[in-house]
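To start, the structure itself, in structure tokens.
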Amino acid sequence: MADYIPELYALISILSEQKTYGEALFKVNQEEQLSQAGKKKFSENVLGVLRHYFCLSFECLDLLPYAKDSEEHILSLIPLFELRYHKDSNVDEIYACYHDAFMKERLMGDVKHNFKVLLEATKKPFKIPDEVKSSPYLYNSLVLEIPDFFLKRLSKDYSAQNALNIASYLHKKSYNFFAPALTCNQEELLSNDAFENVSLDDGSILYSTNKPVSIKEVRNKGLYPLGYLEALAYSKLPVPALQPKILLTGLESGYQLLPLCLKTLDTFESKVDAVYQDALSYRGAVDVMKKYQLKNAHIINTKLSLIKTYVKDHYYDVVVSFGRDCKLGLARRMPSVLPCLREQDFLKSKKRQLEDLLEMSTFVKEGGHLLFINHALDKEESNEVISSFLSLRKDFTVVMKEMVFPNIMDCDAGFYAILKRKQNQND
């Protein structure tokens, strides 16, 4: 008989240590021997708890005498989720899993009494208490499964109604966007009902779909994944037609180097330096470079603080800096983002992104452009980063900046700003 130990460890890793779901899953796979059925059950439970975390946590705090995010509290979320959302589940099996995990971890309290309380509560639909309805932020937090302090910040930034509209889209299914590679038959795709076509400012076309498509199918059509936010920012980015020198930093996916590499592949003496801090993403980028025969790409595996060892100051026409933000705009794809969000995270995000941007700006030559792009929704880790940067680097000016909300194109949300380094004081 299985227990809830793998789910417990994963949720502790996410909620207490602020790891991503992918990182937690990797750790569990290393430490636990799960069968295929066990992996499926594990995934359903962890993702289910994360997607319903705010209501489940609120209910457990009301029903059981445990502190929020204690081991006892986190473990109780799992059977509560199964009892509430999997009505056909075997109650005896759920109790056995809960009991065994409880005993193995030597947790405090009466496991039999706890389960009886949880089971009794799930015989009726979850109802938000009337007293909570008098607190609009807390009420909407439970309805929309989003931190109440984040709703307050959104309301302050964009008004209460807009905040609710934005928040409501953070749990909707996102469209997937793809860009054409050199082997793509665009005429065939333009007539394909499964894909919608989105034209961008530079004349390029994105293909989007909300229907399930396999990786093999996408590759066979000559497409590669590219978010709408990134594609929109690139379409507005001035790239020299002759000998363009481009630096990409803060990359997490091997495919992120493709758009500008392909755009400049046939340009005379083009050069694209792409910096990856993570060894796994670096290997992915090498595979992408070989697959698409990117002769103009040079991939570097190093920390941001050590980039100066590999590249020159004041050398690049274009520098792209992907910000290390809280990734709220990716909440639909990353269910761990909202449950582990803390208010102090915004200040930390602003500080580290500003430091990175200042570091990357030293590589932009006079007259060159700096693109800052992230998946932020909060103004503190987007507009305020740019404002702080410009107050320190007065030789830069804003060409354009834009916040892309999740209800626009039904896409992942985020922010970008294109900055230009002045050639002289009169610019």
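Chain labels A, B, ... are given in the sequence in which chains occur in the structure tokens; within each chain residues are numbered consecutively from 1, and ligands are likewise numbered from 1 in the order shown.
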
Query raised in the report: Could you write out, as a list in words, all the residues of stretch 320-367 of chain A that DSSP marks as strand (DSSP E)?
Result: Val320, Ser321, Phe322, Val364, Lys365, Glu366 and Gly367 of chain A

Query raised in the report: Excluding same-chain residues fewer than 2 positions from A:His171, what lies within 9 Å of it counting only C-alpha atoms, as a VMD selection string?
Result: chain A and resid 51 144 to 145 167 to 169 173 to 174 331 to 333 335

Output all heavy atoms for every residue in that selection, as a compact mmCIF listing (two decimals), in the first residue's frame.
# COMPACT_ATOMS: atom_id res chain seq x y z
N ARG A 51 -3.21 23.74 -7.30
CA ARG A 51 -4.23 24.52 -8.02
C ARG A 51 -5.39 24.92 -7.11
O ARG A 51 -6.10 25.88 -7.39
CB ARG A 51 -4.73 23.72 -9.22
CG ARG A 51 -3.69 23.59 -10.32
CD ARG A 51 -4.29 23.05 -11.60
NE ARG A 51 -3.30 23.06 -12.68
CZ ARG A 51 -2.71 21.99 -13.19
NH1 ARG A 51 -3.03 20.79 -12.72
NH2 ARG A 51 -1.83 22.09 -14.16
N LEU A 144 -10.71 33.05 -6.51
CA LEU A 144 -9.80 33.05 -7.66
C LEU A 144 -8.52 32.25 -7.43
O LEU A 144 -7.68 32.15 -8.33
CB LEU A 144 -9.42 34.49 -8.04
CG LEU A 144 -10.58 35.38 -8.48
CD1 LEU A 144 -10.13 36.83 -8.59
CD2 LEU A 144 -11.14 34.90 -9.81
N GLU A 145 -8.36 31.68 -6.22
CA GLU A 145 -7.15 30.91 -5.89
C GLU A 145 -5.89 31.73 -6.16
O GLU A 145 -5.02 31.37 -6.96
CB GLU A 145 -7.12 29.60 -6.69
CG GLU A 145 -8.15 28.58 -6.25
CD GLU A 145 -7.78 27.92 -4.91
OE1 GLU A 145 -6.63 28.02 -4.49
OE2 GLU A 145 -8.69 27.32 -4.29
N ALA A 167 -6.60 38.56 -12.71
CA ALA A 167 -6.48 37.38 -11.85
C ALA A 167 -7.30 36.21 -12.37
O ALA A 167 -6.88 35.04 -12.28
CB ALA A 167 -6.90 37.73 -10.43
N SER A 168 -8.46 36.50 -12.94
CA SER A 168 -9.33 35.42 -13.43
C SER A 168 -8.70 34.66 -14.58
O SER A 168 -9.05 33.50 -14.84
CB SER A 168 -10.68 36.00 -13.85
OG SER A 168 -10.56 36.80 -15.01
N TYR A 169 -7.77 35.29 -15.30
CA TYR A 169 -7.12 34.64 -16.44
C TYR A 169 -5.88 33.84 -16.04
O TYR A 169 -5.33 33.12 -16.87
CB TYR A 169 -6.73 35.69 -17.50
CG TYR A 169 -7.83 35.98 -18.48
CD1 TYR A 169 -8.84 36.88 -18.16
CD2 TYR A 169 -7.87 35.35 -19.72
CE1 TYR A 169 -9.86 37.15 -19.06
CE2 TYR A 169 -8.89 35.61 -20.62
CZ TYR A 169 -9.89 36.52 -20.29
OH TYR A 169 -10.90 36.77 -21.18
N LYS A 173 -6.78 28.04 -19.34
CA LYS A 173 -5.87 27.33 -20.22
C LYS A 173 -5.25 28.30 -21.22
O LYS A 173 -5.95 29.04 -21.89
CB LYS A 173 -6.59 26.21 -20.95
CG LYS A 173 -5.68 25.34 -21.80
CD LYS A 173 -6.45 24.19 -22.44
CE LYS A 173 -5.52 23.33 -23.30
NZ LYS A 173 -6.27 22.22 -23.95
N SER A 174 -3.94 28.28 -21.32
CA SER A 174 -3.25 29.22 -22.18
C SER A 174 -3.13 28.67 -23.60
O SER A 174 -3.03 27.47 -23.82
CB SER A 174 -1.84 29.48 -21.64
OG SER A 174 -1.13 30.32 -22.50
N ALA A 331 1.75 31.64 -14.43
CA ALA A 331 1.03 30.88 -13.40
C ALA A 331 0.21 29.73 -13.97
O ALA A 331 0.04 28.70 -13.33
CB ALA A 331 0.13 31.82 -12.58
N ARG A 332 -0.31 29.90 -15.18
CA ARG A 332 -1.12 28.83 -15.78
C ARG A 332 -0.29 27.60 -16.10
O ARG A 332 -0.77 26.47 -16.06
CB ARG A 332 -1.82 29.34 -17.04
CG ARG A 332 -2.94 30.32 -16.73
CD ARG A 332 -3.71 30.70 -17.96
NE ARG A 332 -3.01 31.68 -18.76
CZ ARG A 332 -3.60 32.39 -19.73
NH1 ARG A 332 -4.87 32.20 -20.00
NH2 ARG A 332 -2.91 33.27 -20.42
N ARG A 333 0.98 27.81 -16.44
CA ARG A 333 1.87 26.70 -16.77
C ARG A 333 2.65 26.22 -15.55
O ARG A 333 3.16 25.09 -15.56
CB ARG A 333 2.85 27.12 -17.86
CG ARG A 333 2.19 27.57 -19.14
CD ARG A 333 3.24 27.88 -20.19
NE ARG A 333 2.62 28.56 -21.32
CZ ARG A 333 2.03 27.95 -22.32
NH1 ARG A 333 1.97 26.63 -22.32
NH2 ARG A 333 1.50 28.62 -23.32
N PRO A 335 1.98 25.82 -11.77
CA PRO A 335 1.02 25.91 -10.66
C PRO A 335 1.67 26.16 -9.30
O PRO A 335 0.98 26.46 -8.34
CB PRO A 335 0.33 24.54 -10.69
CG PRO A 335 1.27 23.64 -11.41
CD PRO A 335 1.96 24.50 -12.42

**Report entry** Test item: residues at most 12 Å from A:Asp92, only C-alpha atoms, excluding those fewer than 3 positions along its chain, as a PyMOL selection string
**Finding:** chain A and resi 1+79+82-83+88-89+95-99+112+115-116+119

Query - Surrounding residues of A:Arg283 excluding itself and chain neighbours under 5 positions, 10 Å, only C-alpha atoms, as number ranges by chain - result: A: 253-254, 276, 278, 288-289, 299, 301

Requested in this report: Please give the complete set of residues from stretch 33-136 of chain A that DSSP, run on the backbone, assigns to alpha helix (DSSP H), formatted as number ranges by chain.
Outcome: A: 36-51, 53-63, 71-85, 91-104, 111-121, 130-133, 136

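In terms of minimum interatomic distance to A:Asn374, A:Glu230 ranks closest within A:Asp410, A:Asp266, A:Glu230, A:Glu359, counting only C-alpha atoms.
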
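Distances to A:Leu294 were evaluated for A:Lys152, A:His375, A:His113, A:Lys263 using only C-alpha atoms, and the minimum falls at A:Lys263.
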
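Reported to one decimal place, the separation of atom CA of A:Leu247 from atom CA of A:Cys326 is 23.2 Å.
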